[in-house]
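*Asks:* Got a structure here, written out as structure tokens. Questions coming.
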Amino acid sequence: MVNTTSSMARSPLVVALLLSLFLLSSLASSAVGWSRRGEEEEGDDERRRGRHGEGGRPYHFGEESFRHWTRTRHGRFSVLERFSDEPLVGAVWDYRVAVLEAAPRAFLQPSHYDADEVFYVKEGEGVIVLLREGRRESFCVREGDAMVIPAGAIVYSANTHSSKWFRVVMLLNPVSTPGRFEEYFPVGGDRPESFFSAFSDDVLQAAFNTRREELEKVFERQREGGEITTAPEEQVRELSKSCSRGGGSGSEWEIKPSSLTGKRPTYSNNHGKMFEIDGDECRHLRKLDMLVGLANITRGSMMAPSYSTRATKVAMVLHGSGYFEMACPHVSGGRSSERREREREQGRREEWGREEEEQEEEQHGGRQQKARRYHKVRAQVREGSVIVIPAAHPATFVAGDDENLSVLCFGVGANYDDKVFLAGRNSLLRQLDDPAKALVFGGSAAREMVDRVLAAQPEQIFLRGPHGRGGVSDA
């Protein structure tokens, strides 16, 4: 028989002991939970770093890097993640890439962005209406057109085709908050919401000289389908009646679509074509310090390695597949890889020994020199891939063997940019004079080989690719 009195006397101690064990267990469990979460986060960081290294990051972005801002059965508006990695800060990290896809007869509600927009029509046709500077201007746009929409202009548009989707690629330059932009709708319901809903009734009634009930019916009535809806064919036809291909008569307006693919190519041969529109042809592009280019690379061909002197290129693959390569002095993989590289460099310095360090300092006036190392950034690309090529970084695109590769390019910082080709008939290296060749490459026999190598490629800009060189690659 259990001694009840003794058991009850010990119960506070037992209870206290059990509570202590429970608390310790909970703390341990919590610590394990936090530890696991930390490991998961660290693992995510490692996976991100691995993706940065092997997949061309932070210069290459796949479709998984886009997120939907708007998605209905009538269309989608997707935005690429920010260019937030260190090598891109100060170049294009303020800019955002976006893609608009509208179904046949889709209508996009009136809105404005706090960002300048440069867009290219990838597919289909449509009508775009701008309300700006006290006037309305309507434009017919089609595949191959590029156009600038200034920040703050109220825009609405429609897909005018009965069966084709309307697809647009755009680069946005926010003017309010760096790297972030917002879309503002004057008319809406729950989704999108009208920005007038943020104002007080008294202010709105005074501003419009109208009762609140009527204002709600006009600006806050519920719309089905959200930001992208469908429109009857007759209404789309009415929208298209007044659209044109040219700009307004006012000198300050001068906004109009420019056909990139309808103009004469900047360069063309059997391996590809290049089209460009810059600030000399479009005043608004000059104001934004940008250009728009398109490279159509024939299957099995490549672009000659080249770099831009000032412009950073934001490129998107429109069609086809292949790969790109770039020489980069920054360690691929971001800050963590740079830290590991510094640690390895420190280890190498310790191994040199005191005597070698003294000789190095004596030879270079006591100052350490930066080790110049270039890392290969390489990634497979396909339709929808986005690639960032900073200024001065030598890079190339190679088309696959099965289909042509079409690459759209937005050049940021393009007003005084120059394109430098490093191989081919127009290679700048061919301009080296003989005294420089003697100093760089050595004696006369070496210079003869240099001349032969630099002159061996008869083509320029677009060249036969690695898979179509035949026996020449073994020379």
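In the structure tokens, each chain is lettered A, B, ... as it comes, each chain's residues begin at 1, and ligands are numbered from 1 in order of appearance.
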Please provide the set of residues having any atom within 12 Å of Ala438 in chain A, restricted to only C-alpha atoms, with same-chain residues fewer than 4 positions apart removed, written as a PyMOL selection string.

*Replies:* chain A and resi 432-434+442-451

*Asks:* Filtering to N, CA and C atoms, could you give me those residues as an mmCIF file, in the first residue's frame?

*Replies:*
data_model
loop_
_atom_site.group_PDB
_atom_site.id
_atom_site.type_symbol
_atom_site.label_atom_id
_atom_site.label_comp_id
_atom_site.auth_asym_id
_atom_site.auth_seq_id
_atom_site.Cartn_x
_atom_site.Cartn_y
_atom_site.Cartn_z
ATOM 1 N N LEU A 432 47.230 46.998 -83.339
ATOM 2 C CA LEU A 432 48.532 47.109 -82.675
ATOM 3 C C LEU A 432 49.624 47.398 -83.702
ATOM 4 N N ASP A 433 50.501 48.350 -83.400
ATOM 5 C CA ASP A 433 51.601 48.633 -84.322
ATOM 6 C C ASP A 433 52.778 47.709 -84.033
ATOM 7 N N ASP A 434 53.743 47.703 -84.954
ATOM 8 C CA ASP A 434 54.865 46.767 -84.860
ATOM 9 C C ASP A 434 55.703 46.954 -83.599
ATOM 10 N N GLY A 442 57.195 39.544 -78.442
ATOM 11 C CA GLY A 442 58.547 39.037 -78.596
ATOM 12 C C GLY A 442 59.128 39.324 -79.962
ATOM 13 N N GLY A 443 60.032 38.429 -80.428
ATOM 14 C CA GLY A 443 60.807 38.639 -81.653
ATOM 15 C C GLY A 443 59.981 38.589 -82.916
ATOM 16 N N SER A 444 60.694 38.693 -84.047
ATOM 17 C CA SER A 444 60.033 38.789 -85.348
ATOM 18 C C SER A 444 59.255 37.522 -85.692
ATOM 19 N N ALA A 445 59.823 36.346 -85.322
ATOM 20 C CA ALA A 445 59.120 35.094 -85.617
ATOM 21 C C ALA A 445 57.785 35.039 -84.889
ATOM 22 N N ALA A 446 57.775 35.492 -83.628
ATOM 23 C CA ALA A 446 56.541 35.506 -82.857
ATOM 24 C C ALA A 446 55.550 36.506 -83.450
ATOM 25 N N ARG A 447 56.069 37.659 -83.902
ATOM 26 C CA ARG A 447 55.179 38.666 -84.466
ATOM 27 C C ARG A 447 54.522 38.170 -85.746
ATOM 28 N N GLU A 448 55.264 37.390 -86.529
ATOM 29 C CA GLU A 448 54.668 36.825 -87.737
ATOM 30 C C GLU A 448 53.507 35.897 -87.401
ATOM 31 N N MET A 449 53.690 35.104 -86.349
ATOM 32 C CA MET A 449 52.611 34.209 -85.932
ATOM 33 C C MET A 449 51.426 35.018 -85.400
ATOM 34 N N VAL A 450 51.718 36.093 -84.676
ATOM 35 C CA VAL A 450 50.661 36.957 -84.160
ATOM 36 C C VAL A 450 49.849 37.553 -85.306
ATOM 37 N N ASP A 451 50.547 38.072 -86.310
ATOM 38 C CA ASP A 451 49.851 38.639 -87.473
ATOM 39 C C ASP A 451 48.989 37.584 -88.151
#

*Asks:* Residues within 9 Å of range 287-301 of chain A, please, as number ranges by chain. Count only C-alpha atoms; anything in the same chain fewer than 3 positions from it doesn't count.

*Replies:* A: 116, 118-120, 146, 173, 260-261, 270-279, 282-284, 311, 320, 322, 397-416, 462-468

*Asks:* As a ChimeraX atom specification, please: the residues near Ser162 in chain A (cut-off 9 Å, only C-alpha atoms, same-chain neighbours under 3 positions excluded).

*Replies:* /A:103-105,159,165,233

*Asks:* Those same residues, written as a compact mmCIF listing (two decimals), in the first residue's frame with N, CA and C atoms?

*Replies:*
# COMPACT_ATOMS: atom_id res chain seq x y z
N ALA A 103 -3.71 38.08 -73.63
CA ALA A 103 -4.43 37.16 -74.51
C ALA A 103 -5.13 37.93 -75.64
N PRO A 104 -5.58 37.24 -76.68
CA PRO A 104 -6.31 37.92 -77.75
C PRO A 104 -7.49 38.70 -77.21
N ARG A 105 -7.62 39.95 -77.68
CA ARG A 105 -8.70 40.87 -77.28
C ARG A 105 -8.63 41.27 -75.81
N ASN A 159 -4.84 44.14 -76.83
CA ASN A 159 -4.36 43.23 -77.87
C ASN A 159 -5.39 43.27 -79.00
N TRP A 165 -1.35 36.01 -79.01
CA TRP A 165 -1.04 36.70 -77.77
C TRP A 165 -0.17 37.93 -78.08
N GLU A 233 -15.01 42.75 -79.41
CA GLU A 233 -14.27 43.06 -80.63
C GLU A 233 -14.57 44.46 -81.15

*Asks:* What's the separation between CA of His330 in chain A and CA of Gly56 in chain A, in Å to one decimal place?

*Replies:* 12.2 Å

*Asks:* Taking into account only C-alpha atoms, which residue in the set A:Leu88, A:Val218, A:Val155, A:Met147 is nearest to Lys313 in chain A?

*Replies:* A:Leu88

*Asks:* Restricting the calculation to only C-alpha atoms, which member of A:Gly55, A:Pro435, A:Pro305, A:Pro390 is positioned closest to Gly90 in chain A?

*Replies:* A:Pro390

*Asks:* Find the residue from A:Val92, A:Leu204, A:Leu80, A:Val236 that sits nearest to Val127 in chain A; use only C-alpha atoms when measuring.

*Replies:*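 Among A:Val92, A:Leu204, A:Leu80, A:Val236, it is A:Val236 that comes nearest to Val127 in chain A.
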
*Asks:* One decimal, in Å: what's the spacing between CA of Leu130 in chain A and CA of Ala153 in chain A?

*Replies:*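 Computed distance, CA of Leu130 in chain A to CA of Ala153 in chain A, equals 6.3 Å.
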
*Asks:* Report as a PDB file with N, CA and C atoms, in the first residue's frame all protein, DNA and RNA residues lying within 8 Å of Tyr95 in chain A, evaluated on only C-alpha atoms, omitting residues in the same chain fewer than 4 positions from it.

*Replies:*
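Output file part-v8.pdb is given in full below:
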ATOM      1  N   ARG A  82      15.335  41.826 -58.268  1.00  0.00           N
ATOM      2  CA  ARG A  82      16.263  42.954 -58.361  1.00  0.00           C
ATOM      3  C   ARG A  82      17.682  42.475 -58.648  1.00  0.00           C
ATOM      4  N   PHE A  83      18.440  43.331 -59.311  1.00  0.00           N
ATOM      5  CA  PHE A  83      19.866  43.074 -59.520  1.00  0.00           C
ATOM      6  C   PHE A  83      20.613  43.529 -58.258  1.00  0.00           C
ATOM      7  N   LEU A 171      12.153  47.221 -69.935  1.00  0.00           N
ATOM      8  CA  LEU A 171      13.100  47.597 -68.893  1.00  0.00           C
ATOM      9  C   LEU A 171      12.584  48.880 -68.266  1.00  0.00           C
ATOM     10  N   LEU A 172      12.439  48.862 -66.951  1.00  0.00           N
ATOM     11  CA  LEU A 172      11.890  50.003 -66.235  1.00  0.00           C
ATOM     12  C   LEU A 172      12.957  50.658 -65.371  1.00  0.00           C
ATOM     13  N   ASN A 173      12.994  51.975 -65.411  1.00  0.00           N
ATOM     14  CA  ASN A 173      13.928  52.759 -64.612  1.00  0.00           C
ATOM     15  C   ASN A 173      13.127  53.572 -63.590  1.00  0.00           C
ATOM     16  N   PRO A 174      13.012  53.081 -62.345  1.00  0.00           N
ATOM     17  CA  PRO A 174      12.209  53.790 -61.343  1.00  0.00           C
ATOM     18  C   PRO A 174      12.745  55.199 -61.084  1.00  0.00           C
ATOM     19  N   PRO A 178      14.763  53.791 -55.715  1.00  0.00           N
ATOM     20  CA  PRO A 178      15.700  52.979 -56.497  1.00  0.00           C
ATOM     21  C   PRO A 178      15.360  51.493 -56.438  1.00  0.00           C
ATOM     22  N   GLY A 179      15.273  50.894 -57.612  1.00  0.00           N
ATOM     23  CA  GLY A 179      15.029  49.461 -57.689  1.00  0.00           C
ATOM     24  C   GLY A 179      13.608  49.033 -57.437  1.00  0.00           C
TER      25      GLY A 179
END

*Asks:* With distances taken over only C-alpha atoms, which of A:Val168, A:Leu428, A:Ile387, A:Phe181 is nearest to Val314 in chain A?

*Replies:*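 Result for the nearest residue to Val314 in chain A: A:Ile387.
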
*Asks:* Can you work out which one of A:Val386, A:Val175, A:Val99, A:Val169 has the shortest atom-to-atom distance to Gly152 in chain A, counting only C-alpha atoms?

*Replies:*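 Among the listed residues, the smallest separation from Gly152 in chain A belongs to A:Val175.
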
*Asks:* One decimal, in Å: what's the spacing between CA of Glu183 in chain A and CA of Glu81 in chain A?

*Replies:*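 So the two atoms, CA of Glu183 in chain A and CA of Glu81 in chain A, lie 16.6 Å apart.
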
*Asks:* Compile the contact shell of Glu182 in chain A as a PyMOL selection string: residues with an atom at most 9 Å away, counting only C-alpha atoms, same-chain residues fewer than 2 positions apart removed.

*Replies:* chain A and resi 112-115+174+180+184

*Asks:* Which residues are near Ile461 in chain A? Cut-off 10 Å, only C-alpha atoms, ignore same chain within fewer than 3 positions. Put them as an NGL selection string.

*Replies:* :A and (267-269 or 271-274 or 302-306 or 421-427)

*Asks:* Suppose we keep N, CA and C atoms; can you now write the selection as an mmCIF file, in the first residue's frame?

*Replies:*
data_model
loop_
_atom_site.group_PDB
_atom_site.id
_atom_site.type_symbol
_atom_site.label_atom_id
_atom_site.label_comp_id
_atom_site.auth_asym_id
_atom_site.auth_seq_id
_atom_site.Cartn_x
_atom_site.Cartn_y
_atom_site.Cartn_z
ATOM 1 N N TYR A 267 24.526 45.477 -89.027
ATOM 2 C CA TYR A 267 25.482 44.572 -89.678
ATOM 3 C C TYR A 267 24.768 43.263 -89.977
ATOM 4 N N SER A 268 25.175 42.614 -91.054
ATOM 5 C CA SER A 268 24.556 41.349 -91.443
ATOM 6 C C SER A 268 25.535 40.503 -92.239
ATOM 7 N N ASN A 269 25.556 39.218 -91.946
ATOM 8 C CA ASN A 269 26.254 38.248 -92.795
ATOM 9 C C ASN A 269 25.552 36.901 -92.648
ATOM 10 N N HIS A 271 26.056 34.554 -90.750
ATOM 11 C CA HIS A 271 26.032 34.037 -89.380
ATOM 12 C C HIS A 271 25.133 34.847 -88.453
ATOM 13 N N GLY A 272 24.581 35.955 -88.934
ATOM 14 C CA GLY A 272 23.687 36.697 -88.062
ATOM 15 C C GLY A 272 23.392 38.110 -88.529
ATOM 16 N N LYS A 273 22.471 38.762 -87.820
ATOM 17 C CA LYS A 273 22.107 40.151 -88.103
ATOM 18 C C LYS A 273 22.029 40.923 -86.801
ATOM 19 N N MET A 274 22.368 42.201 -86.873
ATOM 20 C CA MET A 274 22.298 43.070 -85.713
ATOM 21 C C MET A 274 21.484 44.312 -86.049
ATOM 22 N N MET A 302 28.101 32.264 -83.736
ATOM 23 C CA MET A 302 28.379 32.972 -82.493
ATOM 24 C C MET A 302 28.653 34.444 -82.773
ATOM 25 N N MET A 303 28.572 35.257 -81.724
ATOM 26 C CA MET A 303 29.041 36.635 -81.810
ATOM 27 C C MET A 303 30.504 36.665 -81.424
ATOM 28 N N ALA A 304 31.285 37.480 -82.104
ATOM 29 C CA ALA A 304 32.691 37.615 -81.757
ATOM 30 C C ALA A 304 32.805 38.157 -80.335
ATOM 31 N N PRO A 305 33.759 37.675 -79.540
ATOM 32 C CA PRO A 305 33.964 38.242 -78.205
ATOM 33 C C PRO A 305 34.148 39.752 -78.296
ATOM 34 N N SER A 306 33.452 40.485 -77.434
ATOM 35 C CA SER A 306 33.471 41.940 -77.496
ATOM 36 C C SER A 306 33.114 42.495 -76.135
ATOM 37 N N PHE A 421 35.279 44.989 -80.550
ATOM 38 C CA PHE A 421 35.359 43.569 -80.909
ATOM 39 C C PHE A 421 36.799 43.098 -80.792
ATOM 40 N N LEU A 422 36.960 41.886 -80.269
ATOM 41 C CA LEU A 422 38.286 41.369 -79.934
ATOM 42 C C LEU A 422 38.739 40.257 -80.865
ATOM 43 N N ALA A 423 37.896 39.836 -81.763
ATOM 44 C CA ALA A 423 38.253 38.808 -82.741
ATOM 45 C C ALA A 423 37.498 39.115 -84.028
ATOM 46 N N GLY A 424 38.045 38.640 -85.142
ATOM 47 C CA GLY A 424 37.418 38.886 -86.427
ATOM 48 C C GLY A 424 38.106 39.997 -87.205
ATOM 49 N N ARG A 425 37.559 40.277 -88.360
ATOM 50 C CA ARG A 425 38.180 41.235 -89.265
ATOM 51 C C ARG A 425 38.231 42.649 -88.686
ATOM 52 N N ASN A 426 37.299 42.974 -87.794
ATOM 53 C CA ASN A 426 37.287 44.312 -87.202
ATOM 54 C C ASN A 426 37.841 44.320 -85.777
ATOM 55 N N SER A 427 38.601 43.308 -85.415
ATOM 56 C CA SER A 427 39.173 43.240 -84.072
ATOM 57 C C SER A 427 40.102 44.424 -83.817
#

*Asks:* With only C-alpha atoms counted and 8 Å as the cut-off, give the residues of range 199-298 of chain A in contact with range 64-78 of chain A, each with its shortest interatomic distance in Å and the pair that gives it, as a Markdown table.

*Replies:*
| residue | atom | partner | partner_atom | distance |
| --- | --- | --- | --- | --- |
| A:Gly225 | CA | A:Thr72 | CA | 6.6 |
| A:Gly226 | CA | A:Thr72 | CA | 7.2 |
| A:Glu227 | CA | A:Thr70 | CA | 7.2 |
| A:Ile228 | CA | A:His74 | CA | 6.1 |
| A:Thr229 | CA | A:His74 | CA | 5.9 |
| A:Thr230 | CA | A:His74 | CA | 6.5 |

*Asks:* How would you write, as an MDAnalysis selection string, the set of residues in range 153-304 of chain A that DSSP gives as strand (DSSP E or B)?

*Replies:* chainID A and resid 154:159 166:174 177 180 183:184 228:230 244 258:259 267:269 272:277 290:297 301:303
